[in-house]
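Containing PDB, C-alpha atoms and all ligand atoms: model-v9.pdb.
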```pdb
ATOM      1  CA  MET A 198      -9.604  48.293 -38.604  1.00  0.00           C
ATOM      2  CA  ALA A 199      -7.958  46.125 -41.258  1.00  0.00           C
ATOM      3  CA  ILE A 200      -8.649  42.443 -41.836  1.00  0.00           C
ATOM      4  CA  GLU A 201      -5.649  40.541 -40.456  1.00  0.00           C
ATOM      5  CA  ARG A 202      -4.503  36.958 -40.103  1.00  0.00           C
ATOM      6  CA  THR A 203      -2.951  35.530 -36.972  1.00  0.00           C
ATOM      7  CA  PHE A 204      -1.433  32.165 -36.123  1.00  0.00           C
ATOM      8  CA  SER A 205      -2.866  29.966 -33.390  1.00  0.00           C
ATOM      9  CA  ILE A 206      -1.864  26.704 -31.755  1.00  0.00           C
ATOM     10  CA  ILE A 207      -4.245  24.612 -29.693  1.00  0.00           C
ATOM     11  CA  LYS A 208      -1.696  22.960 -27.409  1.00  0.00           C
ATOM     12  CA  PRO A 209      -1.261  19.357 -26.177  1.00  0.00           C
ATOM     13  CA  ASP A 210      -3.088  19.956 -22.872  1.00  0.00           C
ATOM     14  CA  ALA A 211      -6.204  20.752 -24.944  1.00  0.00           C
ATOM     15  CA  THR A 212      -5.935  17.874 -27.430  1.00  0.00           C
ATOM     16  CA  ALA A 213      -5.365  15.491 -24.485  1.00  0.00           C
ATOM     17  CA  ARG A 214      -8.638  16.659 -22.899  1.00  0.00           C
ATOM     18  CA  ASN A 215     -10.563  16.534 -26.215  1.00  0.00           C
ATOM     19  CA  ILE A 216     -11.553  20.218 -25.956  1.00  0.00           C
ATOM     20  CA  THR A 217     -10.403  21.536 -29.340  1.00  0.00           C
ATOM     21  CA  GLY A 218     -14.023  22.091 -30.349  1.00  0.00           C
ATOM     22  CA  ALA A 219     -14.719  24.056 -27.158  1.00  0.00           C
ATOM     23  CA  VAL A 220     -11.682  26.262 -27.883  1.00  0.00           C
ATOM     24  CA  ASN A 221     -12.807  26.744 -31.481  1.00  0.00           C
ATOM     25  CA  ALA A 222     -16.265  27.759 -30.272  1.00  0.00           C
ATOM     26  CA  LEU A 223     -14.742  30.613 -28.219  1.00  0.00           C
ATOM     27  CA  ILE A 224     -12.649  31.656 -31.250  1.00  0.00           C
ATOM     28  CA  GLU A 225     -15.696  31.738 -33.524  1.00  0.00           C
ATOM     29  CA  GLN A 226     -17.923  33.440 -30.943  1.00  0.00           C
ATOM     30  CA  ALA A 227     -15.379  36.285 -30.905  1.00  0.00           C
ATOM     31  CA  GLY A 228     -15.905  36.800 -34.640  1.00  0.00           C
ATOM     32  CA  LEU A 229     -12.651  35.234 -35.794  1.00  0.00           C
ATOM     33  CA  ARG A 230     -12.792  32.855 -38.778  1.00  0.00           C
ATOM     34  CA  ILE A 231     -10.674  29.669 -38.856  1.00  0.00           C
ATOM     35  CA  VAL A 232      -9.353  29.892 -42.432  1.00  0.00           C
ATOM     36  CA  ALA A 233      -6.802  27.067 -42.084  1.00  0.00           C
ATOM     37  CA  GLN A 234      -6.461  24.266 -39.549  1.00  0.00           C
ATOM     38  CA  LYS A 235      -4.602  20.972 -39.195  1.00  0.00           C
ATOM     39  CA  ARG A 236      -3.800  18.559 -36.389  1.00  0.00           C
ATOM     40  CA  ILE A 237      -0.128  17.610 -36.305  1.00  0.00           C
ATOM     41  CA  GLN A 238       2.493  16.027 -34.090  1.00  0.00           C
ATOM     42  CA  MET A 239       5.120  18.759 -33.822  1.00  0.00           C
ATOM     43  CA  THR A 240       8.727  17.560 -34.088  1.00  0.00           C
ATOM     44  CA  ARG A 241      11.297  18.716 -31.551  1.00  0.00           C
ATOM     45  CA  GLY A 242      13.003  20.679 -34.356  1.00  0.00           C
ATOM     46  CA  GLN A 243       9.763  22.454 -35.281  1.00  0.00           C
ATOM     47  CA  ALA A 244       9.114  23.368 -31.638  1.00  0.00           C
ATOM     48  CA  GLU A 245      12.664  24.633 -31.112  1.00  0.00           C
ATOM     49  CA  THR A 246      12.436  26.770 -34.270  1.00  0.00           C
ATOM     50  CA  PHE A 247       9.005  28.061 -33.372  1.00  0.00           C
ATOM     51  CA  TYR A 248      10.033  29.121 -29.860  1.00  0.00           C
ATOM     52  CA  ALA A 249      13.623  30.170 -30.744  1.00  0.00           C
ATOM     53  CA  VAL A 250      12.976  33.627 -29.283  1.00  0.00           C
ATOM     54  CA  HIS A 251      12.620  31.937 -25.870  1.00  0.00           C
ATOM     55  CA  SER A 252      15.722  29.715 -26.205  1.00  0.00           C
ATOM     56  CA  ALA A 253      17.635  31.499 -23.427  1.00  0.00           C
ATOM     57  CA  ARG A 254      14.738  31.307 -20.959  1.00  0.00           C
ATOM     58  CA  PRO A 255      14.946  28.817 -18.085  1.00  0.00           C
ATOM     59  CA  PHE A 256      11.650  27.235 -19.127  1.00  0.00           C
ATOM     60  CA  PHE A 257      12.689  26.608 -22.762  1.00  0.00           C
ATOM     61  CA  GLY A 258      13.390  22.873 -22.341  1.00  0.00           C
ATOM     62  CA  GLU A 259      10.119  22.359 -20.487  1.00  0.00           C
ATOM     63  CA  LEU A 260       8.262  24.352 -23.161  1.00  0.00           C
ATOM     64  CA  VAL A 261       9.670  22.261 -26.037  1.00  0.00           C
ATOM     65  CA  ASP A 262       9.041  18.993 -24.134  1.00  0.00           C
ATOM     66  CA  PHE A 263       5.424  20.032 -23.602  1.00  0.00           C
ATOM     67  CA  MET A 264       4.821  21.081 -27.210  1.00  0.00           C
ATOM     68  CA  VAL A 265       5.983  17.672 -28.516  1.00  0.00           C
ATOM     69  CA  SER A 266       4.189  15.691 -25.785  1.00  0.00           C
ATOM     70  CA  GLY A 267       1.086  15.164 -27.921  1.00  0.00           C
ATOM     71  CA  PRO A 268      -0.775  16.433 -30.960  1.00  0.00           C
ATOM     72  CA  VAL A 269      -1.464  20.116 -31.504  1.00  0.00           C
ATOM     73  CA  VAL A 270      -3.882  21.918 -33.811  1.00  0.00           C
ATOM     74  CA  VAL A 271      -2.247  24.695 -35.819  1.00  0.00           C
ATOM     75  CA  GLN A 272      -4.574  27.333 -37.232  1.00  0.00           C
ATOM     76  CA  VAL A 273      -4.795  30.561 -39.162  1.00  0.00           C
ATOM     77  CA  LEU A 274      -7.453  32.921 -37.831  1.00  0.00           C
ATOM     78  CA  GLU A 275      -8.796  35.847 -39.845  1.00  0.00           C
ATOM     79  CA  GLY A 276     -10.781  38.907 -38.868  1.00  0.00           C
ATOM     80  CA  GLU A 277     -10.735  42.598 -38.119  1.00  0.00           C
ATOM     81  CA  GLY A 278      -7.731  43.296 -35.922  1.00  0.00           C
ATOM     82  CA  ALA A 279      -7.284  39.520 -35.568  1.00  0.00           C
ATOM     83  CA  ILE A 280      -3.895  39.671 -33.835  1.00  0.00           C
ATOM     84  CA  ALA A 281      -4.997  41.836 -30.899  1.00  0.00           C
ATOM     85  CA  LYS A 282      -8.476  40.323 -30.854  1.00  0.00           C
ATOM     86  CA  TYR A 283      -7.131  36.776 -30.483  1.00  0.00           C
ATOM     87  CA  ARG A 284      -4.813  37.862 -27.673  1.00  0.00           C
ATOM     88  CA  ASP A 285      -7.896  39.245 -25.900  1.00  0.00           C
ATOM     89  CA  VAL A 286      -9.799  36.009 -26.520  1.00  0.00           C
ATOM     90  CA  MET A 287      -6.880  33.906 -25.196  1.00  0.00           C
ATOM     91  CA  GLY A 288      -6.390  35.931 -22.013  1.00  0.00           C
ATOM     92  CA  ALA A 289      -3.163  36.371 -20.048  1.00  0.00           C
ATOM     93  CA  THR A 290      -0.344  33.803 -20.429  1.00  0.00           C
ATOM     94  CA  ASP A 291      -0.785  32.865 -16.759  1.00  0.00           C
ATOM     95  CA  PRO A 292      -4.366  31.548 -16.455  1.00  0.00           C
ATOM     96  CA  SER A 293      -4.607  32.765 -12.844  1.00  0.00           C
ATOM     97  CA  LYS A 294      -4.311  36.301 -14.250  1.00  0.00           C
ATOM     98  CA  ALA A 295      -6.595  35.787 -17.265  1.00  0.00           C
ATOM     99  CA  ALA A 296      -9.906  37.645 -17.530  1.00  0.00           C
ATOM    100  CA  GLU A 297     -13.235  35.861 -17.070  1.00  0.00           C
ATOM    101  CA  GLY A 298     -14.503  34.135 -20.199  1.00  0.00           C
ATOM    102  CA  THR A 299     -11.135  33.961 -21.939  1.00  0.00           C
ATOM    103  CA  ILE A 300      -9.847  30.651 -23.312  1.00  0.00           C
ATOM    104  CA  ARG A 301      -7.068  30.453 -20.738  1.00  0.00           C
ATOM    105  CA  LYS A 302      -9.339  31.390 -17.818  1.00  0.00           C
ATOM    106  CA  VAL A 303     -11.851  28.753 -18.839  1.00  0.00           C
ATOM    107  CA  HIS A 304      -9.514  25.955 -19.978  1.00  0.00           C
ATOM    108  CA  ALA A 305      -5.796  26.455 -19.160  1.00  0.00           C
ATOM    109  CA  LYS A 306      -4.124  24.407 -16.444  1.00  0.00           C
ATOM    110  CA  SER A 307      -0.965  26.465 -15.746  1.00  0.00           C
ATOM    111  CA  ILE A 308       1.417  29.027 -17.256  1.00  0.00           C
ATOM    112  CA  GLY A 309       3.107  26.212 -19.184  1.00  0.00           C
ATOM    113  CA  GLU A 310       0.047  24.138 -20.077  1.00  0.00           C
ATOM    114  CA  ASN A 311      -1.914  27.172 -21.175  1.00  0.00           C
ATOM    115  CA  THR A 312      -4.069  25.654 -23.950  1.00  0.00           C
ATOM    116  CA  VAL A 313      -3.355  28.124 -26.778  1.00  0.00           C
ATOM    117  CA  HIS A 314      -0.706  30.223 -28.452  1.00  0.00           C
ATOM    118  CA  GLY A 315      -1.385  33.332 -30.543  1.00  0.00           C
ATOM    119  CA  SER A 316       0.975  35.601 -32.483  1.00  0.00           C
ATOM    120  CA  ASP A 317       2.017  38.817 -30.743  1.00  0.00           C
ATOM    121  CA  ALA A 318       2.472  41.084 -33.804  1.00  0.00           C
ATOM    122  CA  ALA A 319       1.900  41.233 -37.570  1.00  0.00           C
ATOM    123  CA  GLU A 320       5.514  40.382 -38.353  1.00  0.00           C
ATOM    124  CA  THR A 321       5.569  37.299 -36.118  1.00  0.00           C
ATOM    125  CA  ALA A 322       2.136  36.227 -37.402  1.00  0.00           C
ATOM    126  CA  ALA A 323       3.484  36.116 -40.969  1.00  0.00           C
ATOM    127  CA  ILE A 324       6.568  34.137 -39.908  1.00  0.00           C
ATOM    128  CA  GLU A 325       4.575  31.690 -37.770  1.00  0.00           C
ATOM    129  CA  ILE A 326       1.909  31.105 -40.447  1.00  0.00           C
ATOM    130  CA  ALA A 327       4.622  30.431 -43.044  1.00  0.00           C
ATOM    131  CA  GLN A 328       6.290  27.864 -40.759  1.00  0.00           C
ATOM    132  CA  PHE A 329       3.217  25.618 -40.834  1.00  0.00           C
ATOM    133  CA  PHE A 330       1.054  26.516 -43.865  1.00  0.00           C
ATOM    134  CA  SER A 331       1.558  27.011 -47.568  1.00  0.00           C
ATOM    135  CA  GLY A 332      -0.581  29.660 -49.252  1.00  0.00           C
ATOM    136  CA  ASN A 333      -2.982  27.219 -50.889  1.00  0.00           C
ATOM    137  CA  GLU A 334      -3.853  25.665 -47.516  1.00  0.00           C
ATOM    138  CA  ILE A 335      -5.355  28.960 -46.330  1.00  0.00           C
ATOM    139  CA  VAL A 336      -8.857  29.538 -47.643  1.00  0.00           C
ATOM    140  CA  GLY A 337     -10.540  32.715 -46.445  1.00  0.00           C
TER     141      GLY A 337
HETATM  142  P1  LIG A 401       3.021  31.066 -25.635  1.00  0.00           P
HETATM  143  O1  LIG A 401       2.073  32.178 -25.906  1.00  0.00           O
HETATM  144  O2  LIG A 401       2.888  29.850 -26.462  1.00  0.00           O
HETATM  145  O3  LIG A 401       4.508  31.621 -25.798  1.00  0.00           O
HETATM  146  C1  LIG A 401       5.582  31.209 -24.997  1.00  0.00           C
HETATM  147  C2  LIG A 401       5.181  30.187 -24.004  1.00  0.00           C
HETATM  148  O4  LIG A 401       6.112  29.949 -22.983  1.00  0.00           O
HETATM  149  C3  LIG A 401       3.948  30.665 -23.274  1.00  0.00           C
HETATM  150  O5  LIG A 401       2.855  30.643 -24.121  1.00  0.00           O
HETATM  151  C4  LIG A 401       3.910  29.723 -22.093  1.00  0.00           C
HETATM  152  O6  LIG A 401       3.220  28.535 -22.393  1.00  0.00           O
HETATM  153  C5  LIG A 401       5.375  29.415 -21.894  1.00  0.00           C
HETATM  154  N1  LIG A 401       5.846  30.011 -20.660  1.00  0.00           N
HETATM  155  C6  LIG A 401       5.934  31.307 -20.372  1.00  0.00           C
HETATM  156  N2  LIG A 401       6.405  31.484 -19.125  1.00  0.00           N
HETATM  157  C7  LIG A 401       6.609  30.233 -18.626  1.00  0.00           C
HETATM  158  C8  LIG A 401       7.082  29.735 -17.402  1.00  0.00           C
HETATM  159  N3  LIG A 401       7.446  30.560 -16.402  1.00  0.00           N
HETATM  160  N4  LIG A 401       7.168  28.400 -17.239  1.00  0.00           N
HETATM  161  C9  LIG A 401       6.808  27.563 -18.239  1.00  0.00           C
HETATM  162  N5  LIG A 401       6.344  27.984 -19.445  1.00  0.00           N
HETATM  163  C10 LIG A 401       6.243  29.302 -19.618  1.00  0.00           C
END
```
How does the structure come out when it is put into structure tokens?
Amino acid sequence: MAIERTFSIIKPDATARNITGAVNALIEQAGLRIVAQKRIQMTRGQAETFYAVHSARPFFGELVDFMVSGPVVVQVLEGEGAIAKYRDVMGATDPSKAAEGTIRKVHAKSIGENTVHGSDAAETAAIEIAQFFSGNEIVG
């Protein structure tokens, strides 16, 4: 399988609980490399752009409010089949449905406060990475 890059966000519920290192440990144990990482306060505009695909959903306002409620850690993860692998490592969106040992099973609080985001496809990974990182900030 090809080496890929995927985009990750460690969300405000995780920064609030000071568990970004615990999340990163699960990422690294799965064989993914963190090749870029920064802690930021997302603006409302950044969150609305990032989640534009969900703008018609009833939970959109709640989602944007949550994503700007505290700092997040944005990351680029690299590895073989990184996009699918990270989705496996995260577990299901709803933590009550997530498999044992996944980030969301271990750490997430609810479907909204679900600790991490990961890209769902190669095309979205490229768009999401470019929203938050310039090329020289990614060091593989
Ligand atoms: P994420 O992978 O970041 O992509 C979209 C997010 O919308 C998702 O994780 C959830 O955090 C959030 N989401 C999905 N469904 C709901 C819901 N029913 N209520 C609140 N938030 C949701």
Fewer than 5 positions away in the same chain doesn't count, so skip those; otherwise give me all residues within 12 Å of Arg214 in chain A, counting only C-alpha atoms, as a ChimeraX atom specification. /A:207-209,219-220,267-269,304-306,310,312
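We find CA of Ala211 in chain A and CA of Glu225 in chain A to be spaced 16.9 Å apart.
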Nearest to ligand LIG 401 (chain A), restricted to all atoms listed in the file and choosing among A:Ala227, A:Val336, A:Ile324, A:Ala244, comes out as A:Ala244
Nearest residue to ligand LIG 401 (chain A) out of A:Ala279, A:Met287, A:Leu260, A:Val232, using all atoms listed in the file?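 The closest residue to ligand LIG 401 (chain A) is A:Leu260.
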Just to confirm, what's the straight-line distance from CA of His314 in chain A to CA of Met198 in chain A in Å (one decimal)? 22.6 Å
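Ranking A:Ile216, A:Met264, A:Leu223, A:Leu229 by their shortest atom-to-atom distance to Gly242 in chain A, with only C-alpha atoms included, puts A:Met264 first.
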Tell me which residues the PyMOL selection byres (((not hetatm)) within 10 of (chain A and resi 401)) grabs here, as a PDB file with C-alpha atoms, keeping the file's coordinate frame.
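Once written, out06.pdb looks like this:
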```pdb
ATOM      1  CA  SER A 205      -2.866  29.966 -33.390  1.00  0.00           C
ATOM      2  CA  ILE A 206      -1.864  26.704 -31.755  1.00  0.00           C
ATOM      3  CA  ILE A 207      -4.245  24.612 -29.693  1.00  0.00           C
ATOM      4  CA  LYS A 208      -1.696  22.960 -27.409  1.00  0.00           C
ATOM      5  CA  PHE A 247       9.005  28.061 -33.372  1.00  0.00           C
ATOM      6  CA  TYR A 248      10.033  29.121 -29.860  1.00  0.00           C
ATOM      7  CA  ALA A 249      13.623  30.170 -30.744  1.00  0.00           C
ATOM      8  CA  VAL A 250      12.976  33.627 -29.283  1.00  0.00           C
ATOM      9  CA  HIS A 251      12.620  31.937 -25.870  1.00  0.00           C
ATOM     10  CA  ARG A 254      14.738  31.307 -20.959  1.00  0.00           C
ATOM     11  CA  PRO A 255      14.946  28.817 -18.085  1.00  0.00           C
ATOM     12  CA  PHE A 256      11.650  27.235 -19.127  1.00  0.00           C
ATOM     13  CA  PHE A 257      12.689  26.608 -22.762  1.00  0.00           C
ATOM     14  CA  GLY A 258      13.390  22.873 -22.341  1.00  0.00           C
ATOM     15  CA  GLU A 259      10.119  22.359 -20.487  1.00  0.00           C
ATOM     16  CA  LEU A 260       8.262  24.352 -23.161  1.00  0.00           C
ATOM     17  CA  VAL A 261       9.670  22.261 -26.037  1.00  0.00           C
ATOM     18  CA  PHE A 263       5.424  20.032 -23.602  1.00  0.00           C
ATOM     19  CA  MET A 264       4.821  21.081 -27.210  1.00  0.00           C
ATOM     20  CA  ARG A 284      -4.813  37.862 -27.673  1.00  0.00           C
ATOM     21  CA  MET A 287      -6.880  33.906 -25.196  1.00  0.00           C
ATOM     22  CA  ALA A 289      -3.163  36.371 -20.048  1.00  0.00           C
ATOM     23  CA  THR A 290      -0.344  33.803 -20.429  1.00  0.00           C
ATOM     24  CA  ASP A 291      -0.785  32.865 -16.759  1.00  0.00           C
ATOM     25  CA  ALA A 305      -5.796  26.455 -19.160  1.00  0.00           C
ATOM     26  CA  SER A 307      -0.965  26.465 -15.746  1.00  0.00           C
ATOM     27  CA  ILE A 308       1.417  29.027 -17.256  1.00  0.00           C
ATOM     28  CA  GLY A 309       3.107  26.212 -19.184  1.00  0.00           C
ATOM     29  CA  GLU A 310       0.047  24.138 -20.077  1.00  0.00           C
ATOM     30  CA  ASN A 311      -1.914  27.172 -21.175  1.00  0.00           C
ATOM     31  CA  THR A 312      -4.069  25.654 -23.950  1.00  0.00           C
ATOM     32  CA  VAL A 313      -3.355  28.124 -26.778  1.00  0.00           C
ATOM     33  CA  HIS A 314      -0.706  30.223 -28.452  1.00  0.00           C
ATOM     34  CA  GLY A 315      -1.385  33.332 -30.543  1.00  0.00           C
ATOM     35  CA  SER A 316       0.975  35.601 -32.483  1.00  0.00           C
ATOM     36  CA  ASP A 317       2.017  38.817 -30.743  1.00  0.00           C
TER      37      ASP A 317
END
```
To one decimal place, how far is CA of Asn333 in chain A from CA of Gln234 in chain A in Å? 12.2 Å
To box range 308-313 of chain A, take all atoms listed in the file, fit an axis-aligned box, add 4 Å on each side, and give centre and edge lengths in Å to one decimal, as AutoDock Vina command-line options.
```
--center_x -0.5 --center_y 26.6 --center_z -22.0 --size_x 15.2 --size_y 12.9 --size_z 17.5
```
Show which residues sit within 9 Å of Ala199 in chain A, as a ChimeraX atom specification. Count only C-alpha atoms, and ignore same-chain residues fewer than 3 positions away. /A:276-279
Under the rule that only C-alpha atoms are counted, which of A:Gln238, A:Thr246, A:Gln226, A:Thr321 is the nearest residue to Val271 in chain A? A:Gln238
Once the PyMOL selection byres (((chain A and resi 337) around 10) and not hetatm) is applied to the coordinates I shared, what remains selected? I want it as a PyMOL selection string. chain A and resi 202+230-233+273-276+334-336
Within 12 Å of Glu320 in chain A, counting all atoms listed in the file, which residues show up once you throw out same-chain ones fewer than 5 positions away? Write them as a PyMOL selection string, please. chain A and resi 201-204+280+325-327
With all atoms listed in the file as the atoms that count, which of A:Val265, A:Ile224, A:Val270, A:Ile200 lies nearest to Thr212 in chain A? A:Val270
